[in-house]
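Printed here is protein.pdb (PDB, C-alpha atoms and all ligand atoms):
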```
ATOM      1  CA  LEU A1246      12.313 -10.391 -15.764  1.00  0.00           C
ATOM      2  CA  ILE A1247      11.302 -11.902 -12.495  1.00  0.00           C
ATOM      3  CA  GLU A1248       7.862 -13.285 -12.339  1.00  0.00           C
ATOM      4  CA  MET A1249       6.008 -12.790  -9.091  1.00  0.00           C
ATOM      5  CA  ARG A1250       3.102 -15.103  -8.677  1.00  0.00           C
ATOM      6  CA  ALA A1251       0.019 -14.042  -6.821  1.00  0.00           C
ATOM      7  CA  ASP A1252      -0.299 -17.547  -5.395  1.00  0.00           C
ATOM      8  CA  ASP A1253       3.172 -17.491  -3.873  1.00  0.00           C
ATOM      9  CA  PRO A1254       2.316 -18.223  -0.205  1.00  0.00           C
ATOM     10  CA  ALA A1255       5.428 -16.496   1.085  1.00  0.00           C
ATOM     11  CA  TYR A1256       4.632 -13.347  -0.816  1.00  0.00           C
ATOM     12  CA  PRO A1257       4.083 -10.589   1.716  1.00  0.00           C
ATOM     13  CA  LYS A1258       1.960  -7.546   1.207  1.00  0.00           C
ATOM     14  CA  PRO A1259       4.066  -4.607   0.132  1.00  0.00           C
ATOM     15  CA  GLY A1260       5.006  -2.478   3.107  1.00  0.00           C
ATOM     16  CA  SER A1261       5.775   0.780   1.395  1.00  0.00           C
ATOM     17  CA  ALA A1262       4.887   2.891  -1.583  1.00  0.00           C
ATOM     18  CA  HIS A1263       8.363   2.274  -2.923  1.00  0.00           C
ATOM     19  CA  ILE A1264       7.849  -1.474  -3.087  1.00  0.00           C
ATOM     20  CA  SER A1265       4.368  -1.102  -4.566  1.00  0.00           C
ATOM     21  CA  ALA A1266       5.767   1.061  -7.326  1.00  0.00           C
ATOM     22  CA  ALA A1267       8.546  -1.419  -7.949  1.00  0.00           C
ATOM     23  CA  MET A1268       6.086  -4.275  -8.151  1.00  0.00           C
ATOM     24  CA  ARG A1269       3.849  -2.454 -10.549  1.00  0.00           C
ATOM     25  CA  GLY A1270       6.897  -2.005 -12.734  1.00  0.00           C
ATOM     26  CA  ASN A1271       7.665  -5.696 -12.466  1.00  0.00           C
ATOM     27  CA  ARG A1272       5.889  -6.879 -15.549  1.00  0.00           C
ATOM     28  CA  LYS A1273       7.700  -9.742 -17.107  1.00  0.00           C
ATOM     29  CA  ARG A1274       7.082  -8.592 -20.622  1.00  0.00           C
ATOM     30  CA  ASP A1275       6.979  -5.306 -22.428  1.00  0.00           C
ATOM     31  CA  SER A1276       8.277  -3.016 -19.731  1.00  0.00           C
ATOM     32  CA  ARG A1277       8.523   0.565 -20.907  1.00  0.00           C
ATOM     33  CA  PRO A1278      12.349   0.638 -21.251  1.00  0.00           C
ATOM     34  CA  GLU A1279      12.174  -2.639 -23.146  1.00  0.00           C
ATOM     35  CA  VAL A1280       9.587  -1.371 -25.623  1.00  0.00           C
ATOM     36  CA  ALA A1281      11.648   1.780 -26.226  1.00  0.00           C
ATOM     37  CA  LEU A1282      14.798  -0.277 -26.767  1.00  0.00           C
ATOM     38  CA  ARG A1283      13.029  -2.604 -29.187  1.00  0.00           C
ATOM     39  CA  SER A1284      11.643   0.224 -31.246  1.00  0.00           C
ATOM     40  CA  ILE A1285      15.094   1.849 -31.615  1.00  0.00           C
ATOM     41  CA  LEU A1286      16.724  -1.463 -32.548  1.00  0.00           C
ATOM     42  CA  HIS A1287      13.995  -2.111 -35.082  1.00  0.00           C
ATOM     43  CA  GLY A1288      14.588   1.354 -36.529  1.00  0.00           C
ATOM     44  CA  MET A1289      18.276   0.484 -36.869  1.00  0.00           C
ATOM     45  CA  GLY A1290      17.282  -2.480 -39.006  1.00  0.00           C
ATOM     46  CA  LEU A1291      18.167  -5.080 -36.380  1.00  0.00           C
ATOM     47  CA  ARG A1292      15.895  -8.093 -36.157  1.00  0.00           C
ATOM     48  CA  TYR A1293      15.425 -10.124 -33.011  1.00  0.00           C
ATOM     49  CA  ARG A1294      13.055 -12.538 -31.359  1.00  0.00           C
ATOM     50  CA  LYS A1295      11.126 -11.536 -28.278  1.00  0.00           C
ATOM     51  CA  ASN A1296      10.980 -13.834 -25.269  1.00  0.00           C
ATOM     52  CA  LEU A1297      12.404 -16.810 -27.100  1.00  0.00           C
ATOM     53  CA  ARG A1298      13.094 -19.715 -24.800  1.00  0.00           C
ATOM     54  CA  ILE A1299      16.652 -21.051 -24.888  1.00  0.00           C
ATOM     55  CA  ARG A1300      17.151 -24.501 -23.428  1.00  0.00           C
ATOM     56  CA  LEU A1301      20.600 -25.083 -22.012  1.00  0.00           C
ATOM     57  CA  PRO A1302      21.952 -28.154 -20.225  1.00  0.00           C
ATOM     58  CA  GLU A1303      21.823 -26.331 -16.849  1.00  0.00           C
ATOM     59  CA  LEU A1304      18.628 -24.338 -17.228  1.00  0.00           C
ATOM     60  CA  SER A1305      16.050 -22.830 -19.539  1.00  0.00           C
ATOM     61  CA  VAL A1306      16.074 -19.117 -19.993  1.00  0.00           C
ATOM     62  CA  THR A1307      13.887 -16.575 -21.771  1.00  0.00           C
ATOM     63  CA  PRO A1308      15.890 -13.444 -22.523  1.00  0.00           C
ATOM     64  CA  ASP A1309      13.990 -10.264 -23.385  1.00  0.00           C
ATOM     65  CA  LEU A1310      15.569 -10.221 -26.834  1.00  0.00           C
ATOM     66  CA  VAL A1311      17.422 -12.887 -28.773  1.00  0.00           C
ATOM     67  CA  PHE A1312      19.512 -12.336 -31.885  1.00  0.00           C
ATOM     68  CA  ARG A1313      19.698 -15.905 -33.059  1.00  0.00           C
ATOM     69  CA  GLY A1314      22.120 -15.524 -35.935  1.00  0.00           C
ATOM     70  CA  ALA A1315      24.574 -13.491 -33.900  1.00  0.00           C
ATOM     71  CA  HIS A1316      24.063 -15.570 -30.755  1.00  0.00           C
ATOM     72  CA  VAL A1317      23.353 -12.538 -28.636  1.00  0.00           C
ATOM     73  CA  THR A1318      20.867 -12.381 -25.761  1.00  0.00           C
ATOM     74  CA  VAL A1319      19.637  -9.164 -24.183  1.00  0.00           C
ATOM     75  CA  PHE A1320      18.131  -8.679 -20.741  1.00  0.00           C
ATOM     76  CA  VAL A1321      16.630  -5.398 -19.600  1.00  0.00           C
ATOM     77  CA  ASP A1322      17.055  -5.623 -15.848  1.00  0.00           C
ATOM     78  CA  GLY A1323      14.726  -3.779 -13.502  1.00  0.00           C
ATOM     79  CA  CYS A1324      16.692  -1.579 -11.072  1.00  0.00           C
ATOM     80  CA  TYR A1325      14.830  -2.854  -8.053  1.00  0.00           C
ATOM     81  CA  TRP A1326      14.645  -6.559  -8.807  1.00  0.00           C
ATOM     82  CA  HIS A1327      18.223  -6.850  -9.949  1.00  0.00           C
ATOM     83  CA  SER A1328      19.696  -4.526  -7.304  1.00  0.00           C
ATOM     84  CA  CYS A1329      21.014  -1.762  -9.508  1.00  0.00           C
ATOM     85  CA  PRO A1330      23.812   0.053  -7.647  1.00  0.00           C
ATOM     86  CA  MET A1331      22.107   3.407  -8.268  1.00  0.00           C
ATOM     87  CA  HIS A1332      18.491   2.580  -7.469  1.00  0.00           C
ATOM     88  CA  GLY A1333      18.458  -0.820  -5.833  1.00  0.00           C
ATOM     89  CA  SER A1334      17.437  -0.538  -2.193  1.00  0.00           C
ATOM     90  CA  GLN A1335      16.911  -2.888   0.679  1.00  0.00           C
ATOM     91  CA  PRO A1336      13.313  -2.613   1.849  1.00  0.00           C
ATOM     92  CA  ARG A1337      12.838  -2.111   5.574  1.00  0.00           C
ATOM     93  CA  ARG A1338       9.605  -4.054   5.945  1.00  0.00           C
ATOM     94  CA  ASN A1339       9.686  -7.809   5.533  1.00  0.00           C
ATOM     95  CA  SER A1340      13.375  -7.237   5.073  1.00  0.00           C
ATOM     96  CA  ALA A1341      14.434 -10.867   5.528  1.00  0.00           C
ATOM     97  CA  TYR A1342      12.032 -12.007   2.826  1.00  0.00           C
ATOM     98  CA  TRP A1343      13.043  -9.289   0.389  1.00  0.00           C
ATOM     99  CA  ARG A1344      16.750  -9.613   1.045  1.00  0.00           C
ATOM    100  CA  ALA A1345      16.559 -13.321   0.259  1.00  0.00           C
ATOM    101  CA  LYS A1346      14.430 -12.653  -2.800  1.00  0.00           C
ATOM    102  CA  LEU A1347      16.831 -10.064  -4.215  1.00  0.00           C
ATOM    103  CA  ALA A1348      19.896 -12.177  -3.422  1.00  0.00           C
ATOM    104  CA  GLY A1349      18.194 -15.085  -5.164  1.00  0.00           C
ATOM    105  CA  ASN A1350      17.625 -12.919  -8.223  1.00  0.00           C
ATOM    106  CA  LEU A1351      21.301 -11.983  -8.387  1.00  0.00           C
ATOM    107  CA  ALA A1352      22.371 -15.592  -8.002  1.00  0.00           C
ATOM    108  CA  ARG A1353      20.029 -16.602 -10.801  1.00  0.00           C
ATOM    109  CA  ASP A1354      21.318 -13.803 -13.058  1.00  0.00           C
ATOM    110  CA  ARG A1355      24.841 -15.144 -12.553  1.00  0.00           C
ATOM    111  CA  ARG A1356      23.785 -18.728 -13.287  1.00  0.00           C
ATOM    112  CA  VAL A1357      21.993 -17.586 -16.427  1.00  0.00           C
ATOM    113  CA  ASN A1358      25.011 -15.541 -17.583  1.00  0.00           C
ATOM    114  CA  ASP A1359      27.371 -18.447 -17.008  1.00  0.00           C
ATOM    115  CA  ALA A1360      25.163 -21.024 -18.707  1.00  0.00           C
ATOM    116  CA  LEU A1361      24.608 -18.798 -21.756  1.00  0.00           C
ATOM    117  CA  ALA A1362      28.287 -17.890 -22.067  1.00  0.00           C
ATOM    118  CA  LYS A1363      29.268 -21.533 -21.792  1.00  0.00           C
ATOM    119  CA  ALA A1364      26.907 -22.325 -24.670  1.00  0.00           C
ATOM    120  CA  GLY A1365      28.507 -19.605 -26.795  1.00  0.00           C
ATOM    121  CA  TRP A1366      25.962 -16.854 -26.310  1.00  0.00           C
ATOM    122  CA  THR A1367      26.905 -13.246 -25.779  1.00  0.00           C
ATOM    123  CA  VAL A1368      24.987 -11.817 -22.830  1.00  0.00           C
ATOM    124  CA  VAL A1369      24.064  -8.139 -22.728  1.00  0.00           C
ATOM    125  CA  ARG A1370      22.398  -6.830 -19.586  1.00  0.00           C
ATOM    126  CA  VAL A1371      20.975  -3.348 -19.604  1.00  0.00           C
ATOM    127  CA  TRP A1372      19.671  -1.518 -16.550  1.00  0.00           C
ATOM    128  CA  GLU A1373      16.191  -0.171 -17.033  1.00  0.00           C
ATOM    129  CA  HIS A1374      17.456   3.317 -16.063  1.00  0.00           C
ATOM    130  CA  VAL A1375      19.813   3.483 -19.053  1.00  0.00           C
ATOM    131  CA  ALA A1376      18.615   5.746 -21.861  1.00  0.00           C
ATOM    132  CA  PRO A1377      17.133   3.482 -24.567  1.00  0.00           C
ATOM    133  CA  ALA A1378      19.325   5.085 -27.272  1.00  0.00           C
ATOM    134  CA  VAL A1379      22.462   4.264 -25.272  1.00  0.00           C
ATOM    135  CA  ALA A1380      21.245   0.744 -24.569  1.00  0.00           C
ATOM    136  CA  ALA A1381      20.475   0.252 -28.268  1.00  0.00           C
ATOM    137  CA  LYS A1382      23.999   1.297 -29.222  1.00  0.00           C
ATOM    138  CA  THR A1383      25.457  -1.246 -26.828  1.00  0.00           C
ATOM    139  CA  VAL A1384      23.230  -4.008 -28.160  1.00  0.00           C
ATOM    140  CA  ALA A1385      24.023  -3.107 -31.779  1.00  0.00           C
ATOM    141  CA  LYS A1386      27.740  -3.180 -30.964  1.00  0.00           C
ATOM    142  CA  ALA A1387      27.472  -6.580 -29.325  1.00  0.00           C
ATOM    143  CA  VAL A1388      25.561  -7.963 -32.305  1.00  0.00           C
ATOM    144  CA  ALA A1389      28.119  -6.569 -34.766  1.00  0.00           C
ATOM    145  CA  MET A1390      31.043  -7.920 -32.722  1.00  0.00           C
ATOM    146  CA  SER A1391      29.442 -11.290 -32.383  1.00  0.00           C
ATOM    147  CA  ARG A1392      28.731 -11.526 -36.103  1.00  0.00           C
ATOM    148  CA  ARG A1393      32.297 -10.605 -36.964  1.00  0.00           C
ATOM    149  CA  SER A1394      33.744 -13.200 -34.640  1.00  0.00           C
ATOM    150  CA  GLY A1395      31.505 -16.017 -35.846  1.00  0.00           C
ATOM    151  CA  LEU A1396      28.702 -17.701 -33.975  1.00  0.00           C
ATOM    152  CA  ALA A1397      30.263 -18.033 -30.554  1.00  0.00           C
ATOM    153  CA  GLY A1398      30.737 -14.436 -29.536  1.00  0.00           C
ATOM    154  CA  PRO A1399      32.612 -13.508 -26.378  1.00  0.00           C
ATOM    155  CA  SER A1400      30.702 -12.178 -23.416  1.00  0.00           C
ATOM    156  CA  VAL A1401      31.013  -8.435 -23.886  1.00  0.00           C
ATOM    157  CA  GLU A1402      30.833  -5.898 -21.129  1.00  0.00           C
ATOM    158  CA  PRO A1403      31.046  -2.596 -22.946  1.00  0.00           C
ATOM    159  CA  GLU A1404      30.619   0.703 -21.161  1.00  0.00           C
ATOM    160  CA  ASP A1405      28.708   1.100 -17.948  1.00  0.00           C
ATOM    161  CA  VAL A1406      25.505  -0.145 -19.441  1.00  0.00           C
ATOM    162  CA  VAL A1407      26.331  -3.756 -18.838  1.00  0.00           C
ATOM    163  CA  ARG A1408      27.295  -5.440 -15.666  1.00  0.00           C
TER     164      ARG A1408
HETATM  165 ZN    ZN B1501      18.997   1.872 -11.803  1.00  0.00          ZN
END
```
Can you present the structure in this file as structure tokens?
Amino acid sequence: LIEMRADDPAYPKPGSAHISAAMRGNRKRDSRPEVALRSILHGMGLRYRKNLRIRLPELSVTPDLVFRGAHVTVFVDGCYWHSCPMHGSQPRRNSAYWRAKLAGNLARDRRVNDALAKAGWTVVRVWEHVAPAVAAKTVAKAVAMSRRSGLAGPSVEPEDVVR
């Protein structure tokens, strides 16, 4: 979800194994939980676009999955990068840098949610730690709800999967 660039001059070397592991898991596309979710959704007969760019007046955003007809966007959020309450942690080394980085991520998530909702998109955010089958159920529910209610679905926050 968050793209780290190797040429970012402020990008410090990871100070702990924990951060290294988190960074390795920080691929923008095709993270393991995302692939698992996609395959279940596909098996349920749901069709989506991957990494489709949506241009909004405030910003451009590329959700992990987009259900165009239903106007539903799905983000699989990494626990570390999006500060999951169960697994998000504040790194001790380079803490000022990382704190700012993580806070920036949260602020961006909120801006993205607001901009999408304002444009009539339903936003589903799934933590990467959520079992793919459970995540798929939530997504399927959001798509069904959104279809029933017409194009401009409400922003749903079902269960504990979504924040
Ligand atoms: Zn988590």
If you take every atom of region 1340-1345 of chain A that the file lists and fit an axis-aligned box around them with 3 Å extra on each side, what centre and edge lengths come out in Å to one decimal, as AutoDock Vina command-line options?
```
--center_x 14.4 --center_y -10.3 --center_z 2.9 --size_x 10.7 --size_y 12.1 --size_z 11.3
```
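Taking all atoms listed in the file into account, every polymer residue with at least one atom at most 10 Å away from ligand ZN 1501 (chain B) is listed here: A:Asp1322, A:Gly1323, A:Cys1324, A:Tyr1325, A:Trp1326, A:His1327, A:Ser1328, A:Cys1329, A:Pro1330, A:Met1331, A:His1332, A:Gly1333, A:Val1371, A:Trp1372, A:Glu1373, A:His1374, A:Val1375.
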Residue among A:Ser1305, A:Ser1284, A:Asn1296, A:Asn1350 lying closest to Phe1320 (chain A), counting only C-alpha atoms: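 Smallest distance to Phe1320 (chain A) is found for A:Asn1296.
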Output of the PyMOL selection byres (((chain A and resi 1298) around 12) and not hetatm), listed as a PyMOL selection string: chain A and resi 1294-1297+1299-1301+1304-1311+1313+1318+1361
Atomic separation - CA of Ala1364 (chain A) relative to CA of Ala1387 (chain A), Å: 16.4 Å
Matched chain/residue IDs from the PyMOL selection byres (((chain A and resi 1291) around 10) and not hetatm), as a PyMOL selection string: chain A and resi 1283-1290+1292-1293+1312+1381+1384-1385+1388
Given the selection you just returned, output its residues as a file containing C-alpha atoms, formatted as a compact mmCIF listing (two decimals), in the frame of the given file.
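Final output, saved to again-v1.txt:
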```txt
# COMPACT_ATOMS: atom_id res chain seq x y z
CA ARG A 1283 13.03 -2.60 -29.19
CA SER A 1284 11.64 0.22 -31.25
CA ILE A 1285 15.09 1.85 -31.62
CA LEU A 1286 16.72 -1.46 -32.55
CA HIS A 1287 14.00 -2.11 -35.08
CA GLY A 1288 14.59 1.35 -36.53
CA MET A 1289 18.28 0.48 -36.87
CA GLY A 1290 17.28 -2.48 -39.01
CA ARG A 1292 15.90 -8.09 -36.16
CA TYR A 1293 15.42 -10.12 -33.01
CA PHE A 1312 19.51 -12.34 -31.88
CA ALA A 1381 20.48 0.25 -28.27
CA VAL A 1384 23.23 -4.01 -28.16
CA ALA A 1385 24.02 -3.11 -31.78
CA VAL A 1388 25.56 -7.96 -32.30
```
Separation of CA of Thr1383 (chain A) from CA of Trp1366 (chain A) in Å: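 Computing it gives 15.6 Å between the two atoms.
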Straight-line distance linking CA of Pro1302 (chain A) with CA of Ser1391 (chain A), stated in Å to one decimal: 22.1 Å
Nearest to Arg1356 (chain A), chosen from A:Arg1337, A:Val1321, A:Glu1303, A:Tyr1342, with all atoms listed in the file counted in the distances: A:Glu1303
Please export region 1306-1317 of chain A as an mmCIF file, in the first residue's frame, restricted to all heavy atoms.
```cif
data_model
loop_
_atom_site.group_PDB
_atom_site.id
_atom_site.type_symbol
_atom_site.label_atom_id
_atom_site.label_comp_id
_atom_site.auth_asym_id
_atom_site.auth_seq_id
_atom_site.Cartn_x
_atom_site.Cartn_y
_atom_site.Cartn_z
ATOM 1 N N VAL A 1306 -6.031 7.814 -6.348
ATOM 2 C CA VAL A 1306 -5.811 6.696 -5.437
ATOM 3 C C VAL A 1306 -5.891 5.382 -6.206
ATOM 4 O O VAL A 1306 -6.626 5.275 -7.187
ATOM 5 C CB VAL A 1306 -6.828 6.742 -4.269
ATOM 6 C CG1 VAL A 1306 -8.251 6.642 -4.785
ATOM 7 C CG2 VAL A 1306 -6.559 5.642 -3.262
ATOM 8 N N THR A 1307 -5.081 4.424 -5.794
ATOM 9 C CA THR A 1307 -5.064 3.113 -6.440
ATOM 10 C C THR A 1307 -5.379 2.045 -5.397
ATOM 11 O O THR A 1307 -4.470 1.508 -4.766
ATOM 12 C CB THR A 1307 -3.692 2.844 -7.090
ATOM 13 O OG1 THR A 1307 -3.350 3.964 -7.904
ATOM 14 C CG2 THR A 1307 -3.735 1.609 -7.959
ATOM 15 N N PRO A 1308 -6.666 1.758 -5.214
ATOM 16 C CA PRO A 1308 -7.020 0.719 -4.243
ATOM 17 C C PRO A 1308 -6.500 -0.637 -4.704
ATOM 18 O O PRO A 1308 -6.199 -0.826 -5.887
ATOM 19 C CB PRO A 1308 -8.561 0.734 -4.246
ATOM 20 C CG PRO A 1308 -8.961 2.027 -4.878
ATOM 21 C CD PRO A 1308 -7.859 2.362 -5.840
ATOM 22 N N ASP A 1309 -6.389 -1.589 -3.777
ATOM 23 C CA ASP A 1309 -5.930 -2.924 -4.148
ATOM 24 C C ASP A 1309 -6.934 -3.604 -5.067
ATOM 25 O O ASP A 1309 -6.545 -4.276 -6.023
ATOM 26 C CB ASP A 1309 -5.691 -3.758 -2.889
ATOM 27 C CG ASP A 1309 -4.565 -3.176 -2.062
ATOM 28 O OD1 ASP A 1309 -3.526 -2.846 -2.654
ATOM 29 O OD2 ASP A 1309 -4.731 -3.018 -0.837
ATOM 30 N N LEU A 1310 -8.214 -3.432 -4.756
ATOM 31 C CA LEU A 1310 -9.267 -3.991 -5.601
ATOM 32 C C LEU A 1310 -10.335 -2.941 -5.825
ATOM 33 O O LEU A 1310 -10.652 -2.172 -4.918
ATOM 34 C CB LEU A 1310 -9.926 -5.211 -4.945
ATOM 35 C CG LEU A 1310 -9.041 -6.386 -4.548
ATOM 36 C CD1 LEU A 1310 -9.887 -7.460 -3.876
ATOM 37 C CD2 LEU A 1310 -8.340 -6.962 -5.755
ATOM 38 N N VAL A 1311 -10.890 -2.926 -7.024
ATOM 39 C CA VAL A 1311 -11.994 -2.017 -7.324
ATOM 40 C C VAL A 1311 -13.122 -2.809 -7.975
ATOM 41 O O VAL A 1311 -12.898 -3.528 -8.953
ATOM 42 C CB VAL A 1311 -11.539 -0.884 -8.279
ATOM 43 C CG1 VAL A 1311 -12.736 -0.028 -8.700
ATOM 44 C CG2 VAL A 1311 -10.481 -0.011 -7.612
ATOM 45 N N PHE A 1312 -14.299 -2.679 -7.401
ATOM 46 C CA PHE A 1312 -15.520 -3.218 -8.016
ATOM 47 C C PHE A 1312 -16.232 -2.027 -8.629
ATOM 48 O O PHE A 1312 -16.886 -1.258 -7.929
ATOM 49 C CB PHE A 1312 -16.401 -3.892 -6.960
ATOM 50 C CG PHE A 1312 -15.769 -5.108 -6.346
ATOM 51 C CD1 PHE A 1312 -14.838 -4.981 -5.329
ATOM 52 C CD2 PHE A 1312 -16.085 -6.375 -6.787
ATOM 53 C CE1 PHE A 1312 -14.240 -6.100 -4.762
ATOM 54 C CE2 PHE A 1312 -15.506 -7.502 -6.230
ATOM 55 C CZ PHE A 1312 -14.573 -7.358 -5.221
ATOM 56 N N ARG A 1313 -16.030 -1.872 -9.932
ATOM 57 C CA ARG A 1313 -16.484 -0.640 -10.579
ATOM 58 C C ARG A 1313 -17.993 -0.486 -10.579
ATOM 59 O O ARG A 1313 -18.514 0.560 -10.270
ATOM 60 C CB ARG A 1313 -15.951 -0.594 -12.010
ATOM 61 C CG ARG A 1313 -14.520 -0.142 -12.026
ATOM 62 C CD ARG A 1313 -14.215 0.634 -13.262
ATOM 63 N NE ARG A 1313 -13.995 -0.277 -14.369
ATOM 64 C CZ ARG A 1313 -13.365 0.080 -15.481
ATOM 65 N NH1 ARG A 1313 -12.919 1.311 -15.622
ATOM 66 N NH2 ARG A 1313 -13.170 -0.783 -16.433
ATOM 67 N N GLY A 1314 -18.684 -1.573 -10.953
ATOM 68 C CA GLY A 1314 -20.138 -1.495 -11.028
ATOM 69 C C GLY A 1314 -20.764 -1.166 -9.683
ATOM 70 O O GLY A 1314 -21.678 -0.354 -9.585
ATOM 71 N N ALA A 1315 -20.238 -1.802 -8.645
ATOM 72 C CA ALA A 1315 -20.804 -1.609 -7.309
ATOM 73 C C ALA A 1315 -20.245 -0.374 -6.614
ATOM 74 O O ALA A 1315 -20.731 0.027 -5.565
ATOM 75 C CB ALA A 1315 -20.544 -2.842 -6.457
ATOM 76 N N HIS A 1316 -19.217 0.221 -7.190
ATOM 77 C CA HIS A 1316 -18.563 1.374 -6.566
ATOM 78 C C HIS A 1316 -17.998 1.026 -5.199
ATOM 79 O O HIS A 1316 -18.245 1.710 -4.213
ATOM 80 C CB HIS A 1316 -19.548 2.551 -6.450
ATOM 81 C CG HIS A 1316 -19.444 3.493 -7.611
ATOM 82 N ND1 HIS A 1316 -19.657 3.098 -8.901
ATOM 83 C CD2 HIS A 1316 -19.142 4.819 -7.655
ATOM 84 C CE1 HIS A 1316 -19.493 4.134 -9.703
ATOM 85 N NE2 HIS A 1316 -19.168 5.185 -8.985
ATOM 86 N N VAL A 1317 -17.263 -0.063 -5.178
ATOM 87 C CA VAL A 1317 -16.628 -0.493 -3.930
ATOM 88 C C VAL A 1317 -15.115 -0.558 -4.141
ATOM 89 O O VAL A 1317 -14.654 -1.090 -5.158
ATOM 90 C CB VAL A 1317 -17.143 -1.885 -3.472
ATOM 91 C CG1 VAL A 1317 -16.327 -2.419 -2.307
ATOM 92 C CG2 VAL A 1317 -18.626 -1.804 -3.095
#
```
